[in-house]
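This report concerns only the one structure given below.
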Amino acid sequence: MRYLNLFITLIKISFSRILIYRGNFASHATSSVGWGIFSVISIMLLTSKTPVVFGWSRNELILLTVLMNVIFGVYRSFIDANFWRFSQIIHYGDLDIVLLKPVDSQFQMSLWIFDLSSLLRFLFASIFAVYLIIIFHIPVSFVSILFFFILSTASIILLYSITFILLTLTIWFTRLSNLIDLINTVTNASRYPKEMFEHLTTFVFFILLPIVIIISTPVKALFQKGSLSDSILLLAFAFVFFSISRVFWKFALRFYASASG
Amino acid sequence: MLSAMSFQKANMRYFRIFFLQLQHAIEARSLSVVWFLTSLTTPLLMLIFWSGATAAAGGRIFSWSYSNFATYYLFIALASSMLTAHIEEDVAFEDINKGNLSQYILKPFPYYTSKFLLELPWRLFQGSLAISGIVIVALFFKNLVSVTSSPIILLLAIVIAILAFILSFTFKMILGLLAFWFTEISGVMNVNEIIFSIASGTLIPLEFFPNNLRTLFEILPFSYMIYYPIIAFLGKLNTTSLLQVILMQLLWIFIFSLVYKFTWAKGRKTFTAVGL
């Protein structure tokens with residue numbers, strides 16, 4: 001309850017920041033929506049000469065990308081903004097202030113600031129997704145929509161956990177301020193269907209597996225083409241990786257030496 | 001004789017700045033490795049995509065085989081590391097917004113030259129990582145990487161690559177200088193990234209676009225930063241076409257130089273920093 005009240009207060013502060021810095025909000029919103037549109041345009045360009053790729057039709061791939069923007073819109077709004085300042089907090093010793101507060105440090109590092117401009121990306125993507133589902137005649141049901149929301153939540157938790165685990169490494173490697181760029185680029189692999197990676201070597205495929213099921217599993221559930229094994233795998237990964245992120249963070253804090261380290 | 005000595009002294013200073021910054025780039029090599037891996041990831045994903053797309057299309061798309069795509073995207077990774085300047089954020093956020101520009105104004109070097117000498121070592125270091133990667137791939141997969149064997153075309157391709165970097169650098173400097181007038185320019189930078197990804201051929205080769213769009217991209221400067229240097233090295237252009245590319249690059253460098261001079265002159269008058 002305490003953390004929920006804190007979360008709501010932080011959202012209100014973020015909303016106040018939007019009203020104060022309206023120009024910044026407009027700029028970020030334009031960027032966010034622009035990237036969403038770019039991702040759709042890029043998949044349309046990539047599939048302009050090949051109507052079917054890896055068993056996915058062009059329409060399905062476009063819808064996969066749009067639904068990726070729905071999920072990423074929520075992720076970027078509430079979580080991603082915190083990760084951009086993650087390495088800075090550790091490198092400049094500001095983690096001291098975080099650790100001194102009577103609030104869980106992982107909560108502070110993950111859910112302290114919000115980029116509500118990305119909610120516009122979520123909103124436009126959602127509207128566009130509904131439109132595409134209608135014109136492409138994709139059969140959906142109430143149950144498939146419910147599964148989509150449940151699996152999308154698991155996807156966001158999994159994406160958050162993978163990113164958090166990798167960023168925790170900056171406690172040892174404080175100079176890697178650009179690690180978040182690499183992580184965001186690698187997690188972009190989630191916008192492509194899982195089948196695209198299946199013909200890679202087994203080793204590489206299993207390394208990438210947690211990432212590639214992030215988007216395609218909820219989307220397949222929405223299309224009523226999902227498999228139970230993929231859904232269970234996603235839920236299991238979300239639970240396991242979140243647990244690892246928690247344990248690893250607590251372990252890493254023992255090695256934190258502030259700005260003088 | 002005095003002016004010759006001054007010229008030599010100035011050159012020595014520039015070399016010194018360059019080598020000091022190269023030292024810094026090598027010392028912070030972990031950053032460079034991460035940047036290199038970041039620039040490698042998207043081309044690799046594209047390669048995986050095209051492996052399925054070409055297989056689904058019967059082995060070729062628009063006369064491009066999978067090995068053509070592989071070579072193209074490997075060189076995209078090289079071009080992104082070596083030819084694309086990333087100076088705009090430094091200029092906008094560190095120099096103008098935070099006021100560090102005052103230290104450059106006080107120095108006896110043009111701001112453009114100072115930033116050029118700061119950026120060049122990073123491009124060379126990351127480029128060397130990319131070249132090493134391509135050499136390793138070429139050794140293991142002999143048919144996957146093929147560059148032109150003609151010495152004249154290779155020489156012209158190197159000239160195009162150098163001009164591509166200068167063009168990219170000048171353009172990014174202008175982008176960064178917009179911070180003189182806009183406190184928040186990340187939106188402009190992101191829009192530039194989107195247009196650049198499409199118009200430079202980073203996303204897909206320009207041959208895949210409809211003719212009217214392709215003509216537009218051939219007029220814009222972005223294709224001369226990435227696409228044309230790559231296909232020059234791949235030997236897809238004859239000598240006449242290469243000379244035309246060089247001419248267009250020189251034209252765009254001239255235009256951007258004028259825009260930079262104007263932007264710098266106007267922007268300096270609006271700049272304020274603590275203590276100034």
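To be explicit about the labels: the chains of the structure tokens are called A, B, and onward in the order shown, and within each one the residues are counted from 1, while ligands get numbers from 1 in the order they are shown.
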
Please report as JSON lines every residue of chain B lying within 9 Å of chain A, along with the nearest atom pair and their distance in Å (one decimal), using only C-alpha atoms.
{"residue": "B:Ala28", "atom": "CA", "partner": "A:Arg175", "partner_atom": "CA", "distance": 7.9}
{"residue": "B:Ser30", "atom": "CA", "partner": "A:Leu176", "partner_atom": "CA", "distance": 7.0}
{"residue": "B:Leu31", "atom": "CA", "partner": "A:Leu176", "partner_atom": "CA", "distance": 5.9}
{"residue": "B:Val34", "atom": "CA", "partner": "A:Leu179", "partner_atom": "CA", "distance": 6.6}
{"residue": "B:Trp35", "atom": "CA", "partner": "A:Asn178", "partner_atom": "CA", "distance": 7.2}
{"residue": "B:Leu37", "atom": "CA", "partner": "A:Leu182", "partner_atom": "CA", "distance": 7.0}
{"residue": "B:Thr38", "atom": "CA", "partner": "A:Leu182", "partner_atom": "CA", "distance": 4.8}
{"residue": "B:Ser39", "atom": "CA", "partner": "A:Leu182", "partner_atom": "CA", "distance": 8.5}
{"residue": "B:Thr41", "atom": "CA", "partner": "A:Val186", "partner_atom": "CA", "distance": 6.4}
{"residue": "B:Thr42", "atom": "CA", "partner": "A:Thr185", "partner_atom": "CA", "distance": 7.0}
{"residue": "B:Leu45", "atom": "CA", "partner": "A:Ala189", "partner_atom": "CA", "distance": 6.9}
{"residue": "B:Ile48", "atom": "CA", "partner": "A:Met196", "partner_atom": "CA", "distance": 7.0}
{"residue": "B:Phe49", "atom": "CA", "partner": "A:Met196", "partner_atom": "CA", "distance": 6.6}
{"residue": "B:Trp50", "atom": "CA", "partner": "A:Leu46", "partner_atom": "CA", "distance": 8.6}
{"residue": "B:Ser51", "atom": "CA", "partner": "A:Met196", "partner_atom": "CA", "distance": 8.9}
{"residue": "B:Gly52", "atom": "CA", "partner": "A:Val53", "partner_atom": "CA", "distance": 6.1}
{"residue": "B:Ala53", "atom": "CA", "partner": "A:Val53", "partner_atom": "CA", "distance": 5.6}
{"residue": "B:Thr54", "atom": "CA", "partner": "A:Thr50", "partner_atom": "CA", "distance": 8.2}
{"residue": "B:Ala55", "atom": "CA", "partner": "A:Val53", "partner_atom": "CA", "distance": 8.8}
{"residue": "B:Ala56", "atom": "CA", "partner": "A:Val53", "partner_atom": "CA", "distance": 6.5}
{"residue": "B:Ala57", "atom": "CA", "partner": "A:Thr50", "partner_atom": "CA", "distance": 6.4}
{"residue": "B:Ile61", "atom": "CA", "partner": "A:Lys49", "partner_atom": "CA", "distance": 7.3}
{"residue": "B:Phe62", "atom": "CA", "partner": "A:Lys49", "partner_atom": "CA", "distance": 8.5}
{"residue": "B:Thr183", "atom": "CA", "partner": "A:Asn24", "partner_atom": "CA", "distance": 8.5}
{"residue": "B:Glu184", "atom": "CA", "partner": "A:Asn24", "partner_atom": "CA", "distance": 6.0}
{"residue": "B:Ile185", "atom": "CA", "partner": "A:Ser27", "partner_atom": "CA", "distance": 7.4}
{"residue": "B:Ser186", "atom": "CA", "partner": "A:Ser27", "partner_atom": "CA", "distance": 7.0}
{"residue": "B:Gly187", "atom": "CA", "partner": "A:Ser27", "partner_atom": "CA", "distance": 4.7}
{"residue": "B:Val188", "atom": "CA", "partner": "A:Ser27", "partner_atom": "CA", "distance": 7.8}
{"residue": "B:Met189", "atom": "CA", "partner": "A:Ser31", "partner_atom": "CA", "distance": 8.6}
{"residue": "B:Asn190", "atom": "CA", "partner": "A:Ser31", "partner_atom": "CA", "distance": 5.7}
{"residue": "B:Val191", "atom": "CA", "partner": "A:Ser31", "partner_atom": "CA", "distance": 6.6}
{"residue": "B:Ile194", "atom": "CA", "partner": "A:Phe38", "partner_atom": "CA", "distance": 6.6}
{"residue": "B:Ile195", "atom": "CA", "partner": "A:Phe38", "partner_atom": "CA", "distance": 8.9}
{"residue": "B:Ile198", "atom": "CA", "partner": "A:Ser42", "partner_atom": "CA", "distance": 8.1}
{"residue": "B:Leu203", "atom": "CA", "partner": "A:Ser42", "partner_atom": "CA", "distance": 7.3}
{"residue": "B:Ile204", "atom": "CA", "partner": "A:Leu46", "partner_atom": "CA", "distance": 7.2}
{"residue": "B:Phe208", "atom": "CA", "partner": "A:Leu45", "partner_atom": "CA", "distance": 8.3}
{"residue": "B:Phe209", "atom": "CA", "partner": "A:Leu45", "partner_atom": "CA", "distance": 8.1}

For range 70-79 of chain B, find every residue with an atom within 10 Å (counting only C-alpha atoms), except residues of its own chain fewer than 4 positions away, and show them as a VMD selection string. chain B and resid 36 to 48 50 to 51 65 to 66 83 to 84 123 126 to 134 137 to 138 143 to 147 161 164 to 165 201 to 205 225 to 227 229 to 231 233 to 234

Residue contacts of Lys172 in chain B (6 Å, only C-alpha atoms) excluding same-chain residues fewer than 3 positions away, as a tab-separated table (two decimals) with N, CA and C atoms, in the first residue's frame:
chain	number	residue	atom	x	y	z
B	88	GLU	N	26.98	15.45	-32.18
B	88	GLU	CA	25.92	16.43	-31.98
B	88	GLU	C	25.46	16.53	-30.52
B	169	PHE	N	30.24	14.73	-40.28
B	169	PHE	CA	30.69	15.54	-39.15
B	169	PHE	C	30.13	16.96	-39.23
B	175	LEU	N	23.67	20.33	-36.51
B	175	LEU	CA	22.56	19.80	-35.68
B	175	LEU	C	22.78	20.16	-34.22

Interatomic distance between CA of Arg13 in chain B and CA of Pro110 in chain B? 12.6 Å

Long-range neighbours of Thr113 in chain B as a PDB file with C-alpha atoms, in the first residue's frame, 12 Å cut-off, only C-alpha atoms, 6 positions minimum in chain:
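File produced: selection-v9.pdb:
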ATOM      1  CA  ALA B  10      50.010  24.991 -35.316  1.00  0.00           C
ATOM      2  CA  ASN B  11      50.203  21.592 -37.026  1.00  0.00           C
ATOM      3  CA  ARG B  13      49.498  21.411 -31.726  1.00  0.00           C
ATOM      4  CA  TYR B  14      46.785  19.724 -33.781  1.00  0.00           C
ATOM      5  CA  PHE B  15      48.738  16.463 -33.838  1.00  0.00           C
ATOM      6  CA  ILE B  17      45.453  17.208 -29.509  1.00  0.00           C
ATOM      7  CA  PHE B  18      44.710  14.305 -31.823  1.00  0.00           C
ATOM      8  CA  TYR B 104      36.605  26.283 -26.599  1.00  0.00           C
ATOM      9  CA  ILE B 105      35.947  29.950 -27.376  1.00  0.00           C
ATOM     10  CA  LYS B 107      41.312  28.550 -27.108  1.00  0.00           C
ATOM     11  CA  GLU B 119      35.844  12.962 -32.726  1.00  0.00           C
ATOM     12  CA  LEU B 120      38.353  11.485 -35.198  1.00  0.00           C
ATOM     13  CA  ILE B 166      33.641  15.095 -43.239  1.00  0.00           C
ATOM     14  CA  PHE B 169      30.690  15.541 -39.147  1.00  0.00           C
ATOM     15  CA  THR B 170      29.757  18.951 -40.558  1.00  0.00           C
ATOM     16  CA  MET B 173      27.914  19.951 -35.914  1.00  0.00           C
TER      17      MET B 173
END

One decimal, Å: what's the distance from CA of Arg191 in chain A over to CA of Arg76 in chain A, could you say?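 Taking CA of Arg191 in chain A as the start and CA of Arg76 in chain A as the end point, the length is 14.8 Å.
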
Env of Ile255 in chain B: 12 Å cut, atoms = only C-alpha atoms, seq-sep filter 2 positions within chain, self excluded. Answer as a compact mmCIF listing (two decimals) with N, CA and C atoms, in the first residue's frame.
# COMPACT_ATOMS: atom_id res chain seq x y z
N LEU B 167 31.48 15.06 -44.35
CA LEU B 167 30.10 15.47 -44.59
C LEU B 167 29.23 15.19 -43.36
N THR B 170 30.22 17.56 -40.39
CA THR B 170 29.76 18.95 -40.56
C THR B 170 28.25 19.04 -40.32
N PHE B 171 27.54 18.07 -40.86
CA PHE B 171 26.09 18.05 -40.67
C PHE B 171 25.73 17.91 -39.20
N ILE B 174 26.23 21.10 -37.22
CA ILE B 174 25.11 22.04 -37.42
C ILE B 174 23.93 21.63 -36.55
N LEU B 220 19.41 14.11 -51.57
CA LEU B 220 19.71 14.42 -50.17
C LEU B 220 21.13 13.96 -49.81
N PRO B 221 21.71 14.56 -48.76
CA PRO B 221 23.11 14.24 -48.44
C PRO B 221 23.31 12.89 -47.74
N MET B 248 29.15 15.33 -55.77
CA MET B 248 27.98 15.60 -54.92
C MET B 248 28.39 15.78 -53.47
N GLN B 249 29.34 14.95 -53.01
CA GLN B 249 29.81 15.07 -51.63
C GLN B 249 30.46 16.44 -51.41
N LEU B 250 31.29 16.86 -52.38
CA LEU B 250 31.96 18.16 -52.24
C LEU B 250 30.93 19.30 -52.25
N LEU B 251 29.91 19.14 -53.07
CA LEU B 251 28.85 20.16 -53.12
C LEU B 251 28.14 20.26 -51.77
N TRP B 252 27.78 19.11 -51.20
CA TRP B 252 27.09 19.13 -49.91
C TRP B 252 28.00 19.61 -48.80
N ILE B 253 29.29 19.29 -48.86
CA ILE B 253 30.23 19.79 -47.84
C ILE B 253 30.31 21.31 -47.93
N SER B 257 29.16 23.73 -45.02
CA SER B 257 30.17 24.64 -44.46
C SER B 257 29.61 26.04 -44.34
N LEU B 258 28.90 26.48 -45.35
CA LEU B 258 28.28 27.81 -45.31
C LEU B 258 27.23 27.88 -44.20
N VAL B 259 26.41 26.85 -44.12
CA VAL B 259 25.37 26.82 -43.09
C VAL B 259 26.01 26.81 -41.71
N TYR B 260 27.10 26.03 -41.57
CA TYR B 260 27.80 25.96 -40.28
C TYR B 260 28.33 27.35 -39.89
N LYS B 261 29.01 28.01 -40.84
CA LYS B 261 29.59 29.35 -40.56
C LYS B 261 28.49 30.31 -40.09
N PHE B 262 27.38 30.29 -40.82
CA PHE B 262 26.26 31.17 -40.49
C PHE B 262 25.70 30.84 -39.11

Write out as a PyMOL selection string which residues come within 6 Å of His91 in chain A when counting only C-alpha atoms, dropping same-chain ones fewer than 3 positions away. chain A and resi 87-88+174

Using only C-alpha atoms, please write the residues we just selected to a file, as a tab-separated table (two decimals), in the first residue's frame.
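In the end it all went to part.tsv:
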chain	number	residue	atom	x	y	z
A	87	SER	CA	24.84	4.26	-14.76
A	88	GLN	CA	25.11	7.98	-13.94
A	174	THR	CA	31.14	2.13	-13.86

Interatomic distance, CA of Ser117 in chain A to CA of Ser77 in chain A (Å, one decimal):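 For CA of Ser117 in chain A relative to CA of Ser77 in chain A, the distance reads 6.9 Å.
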
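The closest residue to Leu63 in chain A, picked from A:Leu19, A:Ile145, A:Ile134, A:Leu119 and counting only C-alpha atoms, is A:Ile134.
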
So that I can check the surroundings of Phe83 in chain A, please list as a ChimeraX atom specification every protein, DNA and RNA residue that reaches within 8 Å of it, counting only C-alpha atoms and ignoring chain neighbours fewer than 4 positions away. /A:79,87,109-110,164,167,180

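Across range 20-259 of chain A, DSSP run on the backbone finds strand (DSSP E or B) at A:Val52, A:Val53, A:Trp56, A:Ser57.
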